[in-house]
$ cat target.txt   # compact mmCIF, C-alpha atoms
# COMPACT_ATOMS: atom_id res chain seq x y z
CA MET K 1134 93.96 84.99 111.67
CA THR K 1135 92.02 87.74 109.89
CA ALA K 1136 93.85 89.36 106.99
CA LEU K 1137 95.25 92.82 107.64
CA PRO K 1138 93.26 95.55 105.88
CA PRO K 1139 95.16 97.98 103.63
CA PHE K 1140 96.91 100.54 105.87
CA GLN K 1141 94.93 103.32 104.12
CA THR K 1142 91.81 101.92 105.80
CA VAL K 1143 93.52 102.10 109.20
CA LEU K 1144 94.48 105.70 108.48
CA ASP K 1145 90.94 106.63 107.38
CA GLU K 1146 89.26 105.06 110.40
CA HIS K 1147 91.61 106.08 113.18
CA SER K 1148 93.59 109.21 112.30
CA PRO K 1149 90.99 111.68 113.68
CA ALA K 1150 90.80 109.84 117.01
CA VAL K 1151 94.59 109.56 117.29
CA MET K 1152 94.96 113.26 116.52
CA ALA K 1153 92.34 114.12 119.16
CA VAL K 1154 94.14 112.05 121.81
CA LEU K 1155 97.51 113.57 120.88
CA ARG K 1156 96.12 117.10 121.09
CA GLY K 1157 94.93 116.27 124.58
CA ALA K 1158 98.26 114.80 125.54
CA VAL K 1159 100.75 117.26 124.04
CA GLY K 1160 98.74 120.25 122.83
CA ARG K 1161 98.04 121.38 119.27
CA ASP K 1162 101.63 122.28 118.32
CA GLY K 1163 103.24 119.02 119.29
CA ALA K 1164 100.35 116.90 118.08
CA GLU K 1165 101.31 116.93 114.40
CA ASP K 1166 104.87 115.77 115.03
CA CYS K 1167 103.58 113.05 117.30
CA PHE K 1168 101.02 112.11 114.65
CA GLN K 1169 103.80 111.56 112.08
CA GLU K 1170 105.86 109.52 114.54
CA THR K 1171 102.85 107.46 115.62
CA PHE K 1172 101.74 106.47 112.14
CA LEU K 1173 105.29 105.86 110.88
CA ALA K 1174 105.91 103.52 113.80
CA ALA K 1175 102.57 101.82 113.13
CA LEU K 1176 103.27 101.49 109.41
CA ARG K 1177 106.71 100.02 110.15
CA ALA K 1178 105.30 97.41 112.51
CA TYR K 1179 102.07 96.75 110.61
CA PRO K 1180 103.01 93.69 108.51
CA LYS K 1181 104.10 91.84 111.66
CA LEU K 1182 100.91 92.62 113.57
CA GLY K 1183 99.46 89.25 114.53
CA ASP K 1184 96.07 90.44 115.69
CA ALA K 1185 94.14 93.17 113.90
CA SER K 1186 91.13 93.02 116.22
CA ASN K 1187 91.99 96.16 118.22
CA LEU K 1188 93.77 98.51 115.86
CA ARG K 1189 92.59 101.60 117.72
CA GLY K 1190 93.97 100.37 121.03
CA TRP K 1191 97.24 99.47 119.33
CA LEU K 1192 97.50 102.92 117.71
CA LEU K 1193 96.63 104.73 120.95
CA THR K 1194 99.35 102.77 122.78
CA ILE K 1195 101.91 103.91 120.19
CA ALA K 1196 100.51 107.47 120.31
CA HIS K 1197 100.91 107.67 124.06
CA ARG K 1198 104.50 106.44 123.88
CA LYS K 1199 105.22 109.14 121.30
CA ALA K 1200 103.53 111.75 123.49
CA ILE K 1201 105.77 110.78 126.40
CA ASP K 1202 108.83 110.90 124.10
CA HIS K 1203 107.74 114.34 122.96
CA HIS K 1204 107.51 115.65 126.49
CA ARG K 1205 110.91 114.22 127.36
CA ALA K 1206 112.57 115.61 124.22
CA ASP K 1207 110.90 118.95 124.67
CA GLY K 1208 112.42 119.38 128.10
CA ARG K 1209 109.23 120.98 129.32
CA LYS K 1210 107.36 119.79 132.33
CA PRO K 1211 104.45 117.50 131.47
CA VAL K 1212 100.90 118.82 131.05
CA PRO K 1213 99.06 118.25 134.31
CA ILE K 1214 95.58 116.81 134.63
CA ALA K 1215 94.02 120.15 135.52
CA GLU K 1216 90.50 121.46 135.85
CA PRO K 1217 89.04 122.34 132.42
CA ALA K 1218 88.95 126.10 133.25
CA GLU K 1219 92.73 126.18 133.64
CA LEU K 1220 93.20 124.74 130.17
CA ALA K 1221 91.11 127.46 128.52
CA ALA K 1222 94.11 129.77 127.96
CA PRO K 1223 96.40 128.00 125.46
CA ASP K 1224 99.42 130.12 126.34
CA ALA K 1225 99.24 129.47 130.07
CA ALA K 1226 102.41 127.71 131.18
CA PRO K 1227 101.51 124.32 132.63
CA ALA K 1228 102.42 123.75 136.27
CA PRO K 1229 105.04 121.04 136.81
CA ASP K 1230 103.59 117.73 137.99
CA GLU K 1231 105.85 114.91 136.88
CA GLY K 1232 104.46 112.42 139.34
CA LEU K 1233 100.93 112.87 138.03
CA TRP K 1234 102.01 112.57 134.40
CA ALA K 1235 104.08 109.48 135.07
CA ALA K 1236 101.08 107.92 136.79
CA VAL K 1237 98.82 108.76 133.83
CA GLY K 1238 101.45 107.35 131.50
CA ALA K 1239 101.46 104.13 133.45
CA LEU K 1240 97.73 103.54 133.00
CA PRO K 1241 96.50 100.92 130.54
CA PRO K 1242 95.87 102.44 127.06
CA LYS K 1243 92.08 102.93 127.20
CA GLN K 1244 92.18 104.44 130.71
CA ARG K 1245 95.11 106.67 129.81
CA ALA K 1246 93.31 107.89 126.69
CA ALA K 1247 90.01 108.45 128.53
CA VAL K 1248 91.73 110.54 131.23
CA ALA K 1249 93.69 112.58 128.64
CA LEU K 1250 90.59 113.25 126.57
CA ARG K 1251 88.45 114.20 129.57
CA TYR K 1252 90.96 116.47 131.28
CA GLY K 1253 93.29 117.40 128.44
CA SER K 1254 90.74 118.02 125.71
CA ASP K 1255 87.70 118.53 127.94
CA LEU K 1256 85.61 116.16 125.83
CA PRO K 1257 82.22 114.94 127.03
CA HIS K 1258 81.73 111.18 127.50
CA SER K 1259 79.99 110.72 124.14
CA GLU K 1260 82.97 112.20 122.28
CA ILE K 1261 85.44 110.21 124.35
CA ALA K 1262 83.48 107.12 123.33
CA ALA K 1263 83.66 108.16 119.67
CA ALA K 1264 87.40 108.79 119.92
CA LEU K 1265 88.01 105.43 121.60
CA GLY K 1266 85.64 103.52 119.33
CA CYS K 1267 83.59 102.12 122.21
CA SER K 1268 80.19 102.70 123.86
CA PRO K 1269 79.65 105.69 126.21
CA GLU K 1270 79.26 103.22 129.10
CA ALA K 1271 82.62 101.65 128.31
CA ALA K 1272 84.22 105.11 128.06
CA ARG K 1273 82.75 106.10 131.43
CA ARG K 1274 84.07 102.84 132.93
CA SER K 1275 87.56 103.43 131.51
CA LEU K 1276 87.59 106.97 132.88
CA HIS K 1277 86.30 105.87 136.28
CA GLU K 1278 88.83 103.05 136.53
CA GLY K 1279 91.64 105.32 135.37
CA LEU K 1280 90.85 107.95 138.00
CA LYS K 1281 90.46 105.29 140.67
CA ARG K 1282 93.89 103.91 139.81
CA LEU K 1283 95.45 107.39 139.78
CA ARG K 1284 94.04 108.18 143.22
CA LYS K 1285 95.47 104.93 144.55
CA GLU K 1286 98.91 105.55 142.92
CA LEU K 1287 99.17 109.12 144.15
CA ALA K 1288 97.67 108.70 147.63
CA MET N 570 89.58 123.62 110.85
CA LYS N 571 90.16 120.13 112.10
CA ALA N 572 89.64 118.38 108.76
CA ALA N 573 92.16 120.63 106.96
CA ILE N 574 94.78 120.09 109.66
CA ASP N 575 94.26 116.35 109.55
CA ASN N 576 94.64 116.22 105.76
CA SER N 577 98.00 118.00 105.74
CA ALA N 578 99.20 115.86 108.65
CA VAL N 579 98.22 112.77 106.67
CA ASP N 580 99.92 114.08 103.51
CA ARG N 581 103.12 114.79 105.44
CA PHE N 582 102.98 111.32 106.96
CA LYS N 583 102.72 109.75 103.49
CA ALA N 584 105.64 111.81 102.16
CA ARG N 585 107.79 110.61 105.07
CA ALA N 586 106.59 107.04 104.60
CA ALA N 587 107.82 107.17 101.00
CA GLU N 588 111.15 108.71 102.08
CA GLU N 589 111.68 105.95 104.63
CA GLY N 590 110.94 103.16 102.17
CA LEU N 591 107.71 102.16 103.90
CA LEU N 592 105.36 102.87 101.02
CA ASP N 593 105.19 99.30 99.74
CA VAL N 594 102.08 99.78 97.56
CA ALA N 595 100.96 103.20 96.37
CA TYR N 596 97.62 103.57 94.60
CA ALA N 597 95.51 106.20 92.93
CA THR N 598 92.39 106.42 90.82
CA THR N 599 92.50 107.97 87.37
CA ASP N 600 89.90 108.77 84.77
CA SER N 601 89.63 107.06 81.40
CA PRO N 602 87.14 107.03 78.53
CA PHE N 603 85.77 103.81 80.07
CA GLY N 604 85.42 105.08 83.63
CA PRO N 605 87.71 105.24 86.66
CA LEU N 606 90.81 103.04 86.74
CA LEU N 607 92.64 101.99 89.89
CA LEU N 608 96.42 102.05 89.50
CA ALA N 609 98.78 100.48 92.01
CA LYS N 610 102.55 100.30 92.05
CA THR N 611 105.38 98.95 94.17
CA ARG N 612 108.92 100.33 94.19
CA ARG N 613 109.60 97.90 91.33
CA GLY N 614 106.83 99.24 89.12
CA LEU N 615 103.16 99.14 88.13
CA VAL N 616 101.71 96.03 89.73
CA ARG N 617 97.96 96.32 89.21
CA VAL N 618 95.41 98.09 87.03
CA GLY N 619 91.79 97.82 88.10
CA LEU N 620 89.22 98.28 85.34
CA PRO N 621 86.00 100.28 85.88
CA ASN N 622 83.84 97.16 86.32
CA GLN N 623 86.09 95.84 89.11
CA ASP N 624 85.58 96.50 92.83
CA ALA N 625 88.35 98.79 94.09
CA ASP N 626 88.02 97.73 97.74
CA LEU N 627 88.38 94.05 96.84
CA LEU N 628 91.35 94.86 94.69
CA LEU N 629 93.08 96.79 97.48
CA ALA N 630 92.34 94.05 100.00
CA ASP N 631 93.86 91.56 97.56
CA LEU N 632 97.01 93.70 97.27
CA ALA N 633 97.22 93.93 101.07
CA THR N 634 97.20 90.13 101.26
CA ARG N 635 99.32 89.19 98.25
CA VAL N 636 101.86 92.02 98.11
CA SER N 637 101.99 93.94 101.40
CA PRO N 638 99.48 95.42 103.84
CA ARG N 639 101.37 98.73 103.61
CA VAL N 640 98.94 99.99 100.98
CA LEU N 641 98.42 103.77 100.87
CA GLU N 642 96.69 106.15 98.52
CA ALA N 643 99.48 108.31 97.07
CA PRO N 644 98.51 109.91 93.76
CA ALA N 645 101.90 111.60 93.23
CA GLU N 646 103.56 108.17 93.00
CA LEU N 647 101.27 107.29 90.09
CA ASP N 648 101.82 110.50 88.11
CA GLU N 649 103.94 108.81 85.43
CA ALA N 650 101.44 105.96 84.98
CA ARG N 651 98.49 108.33 84.82
CA HIS N 652 100.26 110.54 82.30
CA GLU N 653 101.11 107.64 79.97
CA LEU N 654 97.58 106.27 80.15
CA ASP N 655 96.16 109.71 79.35
CA LEU N 656 98.40 109.90 76.27
CA TYR N 657 97.45 106.35 75.26
CA PHE N 658 93.74 107.17 75.36
CA GLU N 659 94.40 110.34 73.35
CA GLY N 660 96.04 108.21 70.67
CA LYS N 661 99.42 109.86 71.32
CA LEU N 662 101.25 106.91 72.84
CA ASP N 663 101.73 103.50 71.27
CA ARG N 664 104.24 102.03 73.71
CA PHE N 665 104.28 102.22 77.51
CA GLY N 666 107.63 103.03 79.10
CA LEU N 667 106.49 102.27 82.64
CA PRO N 668 108.46 99.75 84.69
CA LEU N 669 106.23 96.80 85.59
CA ASP N 670 106.13 94.55 88.64
CA TRP N 671 105.13 91.03 87.57
CA GLN N 672 104.86 89.52 91.04
CA LEU N 673 101.11 88.87 90.82
CA SER N 674 101.59 86.43 87.93
CA GLY N 675 103.68 83.30 87.94
CA GLY N 676 104.79 80.36 85.83
CA PHE N 677 102.94 79.75 82.57
CA ARG N 678 100.64 82.75 83.09
CA GLN N 679 103.54 85.13 83.47
CA ARG N 680 105.21 83.70 80.38
CA VAL N 681 102.03 84.23 78.37
CA LEU N 682 101.61 87.77 79.69
CA ARG N 683 105.22 88.71 78.99
CA HIS N 684 104.74 87.61 75.38
CA ILE N 685 101.47 89.55 75.21
CA ASN N 686 103.42 92.57 76.45
CA ARG N 687 105.41 92.49 73.19
CA ILE N 688 102.41 92.63 70.82
CA PRO N 689 102.76 95.97 69.05
CA TYR N 690 100.11 98.66 69.09
CA GLY N 691 97.46 98.14 66.43
CA GLN N 692 98.26 94.41 65.96
CA THR N 693 96.67 91.25 67.28
CA ARG N 694 97.66 87.65 67.96
CA SER N 695 95.62 84.54 68.65
CA TYR N 696 95.35 82.64 71.93
CA THR N 697 96.91 79.64 70.12
CA GLU N 698 99.95 81.69 69.12
CA MET N 699 100.41 82.96 72.67
CA ALA N 700 100.12 79.40 74.01
CA ARG N 701 102.78 78.30 71.53
CA LYS N 702 105.10 81.17 72.44
CA ALA N 703 104.72 80.29 76.12
CA GLY N 704 105.81 76.74 75.42
CA ASN N 705 102.62 74.70 75.01
CA GLU N 706 100.67 75.13 71.80
CA ARG N 707 97.82 72.95 73.03
CA ALA N 708 97.25 74.98 76.21
CA VAL N 709 94.91 77.35 74.42
CA ARG N 710 92.38 77.43 77.25
CA ALA N 711 95.16 78.08 79.75
CA ALA N 712 96.40 80.92 77.55
CA GLY N 713 92.87 82.33 77.65
CA THR N 714 92.82 82.04 81.43
CA ALA N 715 96.22 83.73 81.59
CA CYS N 716 94.78 86.66 79.62
CA GLY N 717 91.81 86.78 81.95
CA SER N 718 94.15 86.80 84.95
CA ASN N 719 96.17 89.76 83.64
CA PRO N 720 96.75 92.00 86.67
CA ILE N 721 97.94 94.91 84.52
CA PRO N 722 95.37 95.27 81.72
CA LEU N 723 95.63 98.13 79.19
CA VAL N 724 99.38 98.45 79.80
CA VAL N 725 99.95 94.72 79.22
CA PRO N 726 97.74 94.54 76.13
CA CYS N 727 95.71 91.38 76.55
CA HIS N 728 93.01 93.19 74.57
CA ARG N 729 95.18 92.46 71.49
CA VAL N 730 94.65 88.69 71.80
CA LEU N 731 91.77 87.23 69.78
CA ARG N 732 90.41 83.83 68.86
CA THR N 733 91.80 82.22 65.73
CA GLY N 734 89.50 83.49 62.99
CA GLY N 735 89.11 86.91 64.54
CA ALA N 736 86.32 86.48 67.10
CA LEU N 737 86.97 88.67 70.13
CA GLY N 738 87.09 85.91 72.74
CA GLY N 739 86.90 87.31 76.25
CA TYR N 740 87.97 90.38 78.23
CA GLY N 741 88.04 91.15 81.94
CA GLY N 742 86.71 94.64 81.33
CA GLY N 743 83.86 93.34 79.16
CA LEU N 744 83.77 92.77 75.41
CA PRO N 745 82.50 96.28 74.57
CA MET N 746 85.67 97.68 76.14
CA LYS N 747 87.86 95.23 74.19
CA GLN N 748 86.08 96.20 70.98
CA ALA N 749 86.47 99.93 71.71
CA LEU N 750 90.20 99.54 72.46
CA LEU N 751 90.81 97.66 69.21
CA GLU N 752 88.85 100.30 67.27
CA MET N 753 90.86 103.04 68.96
CA GLU N 754 94.08 101.30 67.91
CA GLY N 755 92.84 100.96 64.36
CA VAL N 756 92.63 97.17 64.39
CA LEU N 757 88.90 97.15 63.80
CA ASP N 758 87.22 99.74 61.63
CA GLY N 759 84.20 100.02 63.87
CA SER N 760 81.66 98.67 61.39
CA PRO N 761 79.46 95.70 62.36
CA GLY N 762 81.07 92.30 61.81
CA SER N 763 84.63 93.69 61.72

$ encode --input "target.txt" --output "structure tokens"
Amino acid sequence: MTALPPFQTVLDEHSPAVMAVLRGAVGRDGAEDCFQETFLAALRAYPKLGDASNLRGWLLTIAHRKAIDHHRADGRKPVPIAEPAELAAPDAAPAPDEGLWAAVGALPPKQRAAVALRYGSDLPHSEIAAALGCSPEAARRSLHEGLKRLRKELA
Amino acid sequence: MKAAIDNSAVDRFKARAAEEGLLDVAYATTDSPFGPLLLAKTRRGLVRVGLPNQDADLLLADLATRVSPRVLEAPAELDEARHELDLYFEGKLDRFGLPLDWQLSGGFRQRVLRHINRIPYGQTRSYTEMARKAGNERAVRAAGTACGSNPIPLVVPCHRVLRTGGALGGYGGGLPMKQALLEMEGVLDGSPGS
């Protein structure tokens, strides 16, 4: 088992990506609260982490749980997966679409993150890849598989 | 700006981590006349001082393995330590009041180091004396190794331990640093052969 790096290293390497995903999932205002909650939960669980080979995936899984908690606690309807143009106005009230959000929330972590970054933050594939810590091809695959699964779930 | 937002989010996270008792090892870098020092503490006290010639990343990885992986840079936690070290280097402090965490030393080594910790400012002892105090007068080499293994140099003053006869012996931070510290404390007068 590889030794766990100091948590500061985890913070340095992954906090920008986690923040980017959270902004896509809950918007700029909620992202900071979710960031605190995500990294506190990670720090709490860290010593018991058996496998440090996919820290980014682990963090993104926690981040998405916190994003869902945030939406529930907030009482607002979830942010829909809308066309990028609709997301241009930050004050526009999101249309309710609980079924879609629940389906996104049910996706595996990389697919969930890829969909949120593409449609929530309007990031191009290269930036999604950077945020996820994988190649652009892998990011495209995650996005494609995520959308495929969503279409099947919501058909 | 994204970077500024991220920094304050990270700072707030660290403050909450400390509040919730999750900041197992806090560290910071501080300046000294010899170069940058790495200081690390647990809730019990100062646990590690890294000298300028030592690799900070290796030191932090070692702390993550031997103490706890919850290692975070948190300069505010090390304010007291940094302040006392500043005063020490200015010649205004001859006794550290910092609580210490001895967990990185054990057995004979810890006994030797605890005795070293009582050597007053401006005085020296020999490796043989420290071996005797720790319970085995003949374990002179082991006493030397214990000095070399000191995880909290400067504060635990292994620089005040010399060979019988006055030769410097060894020092983890290099002999020039040991010499300079002893000169600063007035043990050596700085002239050649002292």

$ interface_residues --input "target.txt" --of "chain N" --to "chain K" --cutoff "12 Å" --atoms "all atoms listed in the file" --output "ChimeraX atom specification"
/N:571-597,625-643

$ closest_residue --input "target.txt" --among "N:His728, N:Arg612, N:Arg651, N:Arg664" --to "Tyr690 of chain N" --atoms "all atoms listed in the file"
N:Arg664

$ axis_aligned_box --input "target.txt" --around "segment 631-641 of chain N" --padding-each-side "4 Å" --output "AutoDock Vina command-line options"
--center_x 97.9 --center_y 96.5 --center_z 100.6 --size_x 16.1 --size_y 22.6 --size_z 14.6

$ atom_distance --input "target.txt" --atom1 "atom CA of Val709 of chain N" --atom2 "atom CA of Tyr696 of chain N"
5.9 Å

$ atom_distance --input "target.txt" --atom1 "atom CA of Glu754 of chain N" --atom2 "atom CA of Arg613 of chain N"
28.3 Å

$ atom_distance --input "target.txt" --atom1 "atom CA of Trp1191 of chain K" --atom2 "atom CA of Ala1236 of chain K"
19.8 Å

$ residues_around --input "target.txt" --residues "Phe677 of chain N" --least-positions-apart "3" --cutoff "7 Å" --atoms "only C-alpha atoms" --output "list in words"
Arg680, Val681 and Ala703 of chain N

$ write_last_selection --input "target.txt" --atoms "C-alpha atoms" --output "mmCIF file, in the coordinates of the input"
data_model
loop_
_atom_site.group_PDB
_atom_site.id
_atom_site.type_symbol
_atom_site.label_atom_id
_atom_site.label_comp_id
_atom_site.auth_asym_id
_atom_site.auth_seq_id
_atom_site.Cartn_x
_atom_site.Cartn_y
_atom_site.Cartn_z
ATOM 1 C CA ARG N 680 105.210 83.700 80.380
ATOM 2 C CA VAL N 681 102.030 84.230 78.370
ATOM 3 C CA ALA N 703 104.720 80.290 76.120
#

$ decode --input "target.txt" --residues "segment 1150-1161 of chain K" --atoms "all heavy atoms" --output "PDB file, in the first residue's frame"
ATOM      1  N   ALA K1150      -9.601  22.018  -9.077  1.00  0.00           N
ATOM      2  CA  ALA K1150     -10.535  21.171  -9.833  1.00  0.00           C
ATOM      3  C   ALA K1150     -11.830  20.959  -9.058  1.00  0.00           C
ATOM      4  O   ALA K1150     -12.930  21.023  -9.618  1.00  0.00           O
ATOM      5  CB  ALA K1150      -9.894  19.826 -10.141  1.00  0.00           C
ATOM      6  N   VAL K1151     -11.709  20.716  -7.752  1.00  0.00           N
ATOM      7  CA  VAL K1151     -12.906  20.510  -6.930  1.00  0.00           C
ATOM      8  C   VAL K1151     -13.758  21.775  -6.930  1.00  0.00           C
ATOM      9  O   VAL K1151     -14.983  21.719  -7.077  1.00  0.00           O
ATOM     10  CB  VAL K1151     -12.516  20.100  -5.492  1.00  0.00           C
ATOM     11  CG1 VAL K1151     -13.729  20.124  -4.564  1.00  0.00           C
ATOM     12  CG2 VAL K1151     -11.874  18.716  -5.495  1.00  0.00           C
ATOM     13  N   MET K1152     -13.101  22.920  -6.812  1.00  0.00           N
ATOM     14  CA  MET K1152     -13.850  24.191  -6.819  1.00  0.00           C
ATOM     15  C   MET K1152     -14.558  24.365  -8.158  1.00  0.00           C
ATOM     16  O   MET K1152     -15.718  24.790  -8.187  1.00  0.00           O
ATOM     17  CB  MET K1152     -12.893  25.361  -6.541  1.00  0.00           C
ATOM     18  CG  MET K1152     -13.609  26.695  -6.381  1.00  0.00           C
ATOM     19  SD  MET K1152     -14.761  26.756  -4.971  1.00  0.00           S
ATOM     20  CE  MET K1152     -13.740  27.634  -3.772  1.00  0.00           C
ATOM     21  N   ALA K1153     -13.886  24.043  -9.247  1.00  0.00           N
ATOM     22  CA  ALA K1153     -14.489  24.187 -10.581  1.00  0.00           C
ATOM     23  C   ALA K1153     -15.728  23.302 -10.707  1.00  0.00           C
ATOM     24  O   ALA K1153     -16.775  23.737 -11.190  1.00  0.00           O
ATOM     25  CB  ALA K1153     -13.478  23.836 -11.666  1.00  0.00           C
ATOM     26  N   VAL K1154     -15.622  22.062 -10.263  1.00  0.00           N
ATOM     27  CA  VAL K1154     -16.766  21.148 -10.339  1.00  0.00           C
ATOM     28  C   VAL K1154     -17.913  21.655  -9.467  1.00  0.00           C
ATOM     29  O   VAL K1154     -19.074  21.633  -9.873  1.00  0.00           O
ATOM     30  CB  VAL K1154     -16.338  19.722  -9.918  1.00  0.00           C
ATOM     31  CG1 VAL K1154     -17.550  18.835  -9.705  1.00  0.00           C
ATOM     32  CG2 VAL K1154     -15.412  19.126 -10.971  1.00  0.00           C
ATOM     33  N   LEU K1155     -17.586  22.141  -8.268  1.00  0.00           N
ATOM     34  CA  LEU K1155     -18.643  22.632  -7.371  1.00  0.00           C
ATOM     35  C   LEU K1155     -19.323  23.863  -7.939  1.00  0.00           C
ATOM     36  O   LEU K1155     -20.549  24.015  -7.829  1.00  0.00           O
ATOM     37  CB  LEU K1155     -18.066  22.928  -5.988  1.00  0.00           C
ATOM     38  CG  LEU K1155     -17.747  21.688  -5.149  1.00  0.00           C
ATOM     39  CD1 LEU K1155     -16.996  22.068  -3.884  1.00  0.00           C
ATOM     40  CD2 LEU K1155     -19.013  20.920  -4.796  1.00  0.00           C
ATOM     41  N   ARG K1156     -18.558  24.745  -8.579  1.00  0.00           N
ATOM     42  CA  ARG K1156     -19.177  25.921  -9.200  1.00  0.00           C
ATOM     43  C   ARG K1156     -20.163  25.497 -10.277  1.00  0.00           C
ATOM     44  O   ARG K1156     -21.226  26.088 -10.437  1.00  0.00           O
ATOM     45  CB  ARG K1156     -18.113  26.837  -9.799  1.00  0.00           C
ATOM     46  CG  ARG K1156     -17.455  27.678  -8.742  1.00  0.00           C
ATOM     47  CD  ARG K1156     -16.478  28.646  -9.335  1.00  0.00           C
ATOM     48  NE  ARG K1156     -15.874  29.439  -8.269  1.00  0.00           N
ATOM     49  CZ  ARG K1156     -14.642  29.911  -8.301  1.00  0.00           C
ATOM     50  NH1 ARG K1156     -13.888  29.691  -9.359  1.00  0.00           N
ATOM     51  NH2 ARG K1156     -14.169  30.613  -7.300  1.00  0.00           N
ATOM     52  N   GLY K1157     -19.782  24.446 -11.001  1.00  0.00           N
ATOM     53  CA  GLY K1157     -20.687  23.934 -12.032  1.00  0.00           C
ATOM     54  C   GLY K1157     -21.935  23.317 -11.426  1.00  0.00           C
ATOM     55  O   GLY K1157     -23.022  23.428 -11.966  1.00  0.00           O
ATOM     56  N   ALA K1158     -21.755  22.696 -10.274  1.00  0.00           N
ATOM     57  CA  ALA K1158     -22.876  21.953  -9.688  1.00  0.00           C
ATOM     58  C   ALA K1158     -23.810  22.828  -8.860  1.00  0.00           C
ATOM     59  O   ALA K1158     -25.021  22.587  -8.851  1.00  0.00           O
ATOM     60  CB  ALA K1158     -22.325  20.814  -8.837  1.00  0.00           C
ATOM     61  N   VAL K1159     -23.267  23.825  -8.145  1.00  0.00           N
ATOM     62  CA  VAL K1159     -24.134  24.602  -7.248  1.00  0.00           C
ATOM     63  C   VAL K1159     -24.039  26.111  -7.472  1.00  0.00           C
ATOM     64  O   VAL K1159     -24.698  26.869  -6.766  1.00  0.00           O
ATOM     65  CB  VAL K1159     -23.843  24.317  -5.747  1.00  0.00           C
ATOM     66  CG1 VAL K1159     -24.006  22.849  -5.442  1.00  0.00           C
ATOM     67  CG2 VAL K1159     -22.473  24.816  -5.346  1.00  0.00           C
ATOM     68  N   GLY K1160     -23.224  26.537  -8.450  1.00  0.00           N
ATOM     69  CA  GLY K1160     -23.086  27.970  -8.658  1.00  0.00           C
ATOM     70  C   GLY K1160     -22.037  28.560  -7.724  1.00  0.00           C
ATOM     71  O   GLY K1160     -21.630  27.970  -6.732  1.00  0.00           O
ATOM     72  N   ARG K1161     -21.604  29.775  -8.038  1.00  0.00           N
ATOM     73  CA  ARG K1161     -20.491  30.406  -7.341  1.00  0.00           C
ATOM     74  C   ARG K1161     -20.755  30.597  -5.857  1.00  0.00           C
ATOM     75  O   ARG K1161     -19.886  30.392  -5.019  1.00  0.00           O
ATOM     76  CB  ARG K1161     -20.224  31.764  -8.009  1.00  0.00           C
ATOM     77  CG  ARG K1161     -18.906  32.389  -7.702  1.00  0.00           C
ATOM     78  CD  ARG K1161     -18.597  33.449  -8.756  1.00  0.00           C
ATOM     79  NE  ARG K1161     -18.017  32.835  -9.940  1.00  0.00           N
ATOM     80  CZ  ARG K1161     -16.739  32.990 -10.315  1.00  0.00           C
ATOM     81  NH1 ARG K1161     -15.938  33.738  -9.629  1.00  0.00           N
ATOM     82  NH2 ARG K1161     -16.279  32.392 -11.398  1.00  0.00           N
TER      83      ARG K1161
END
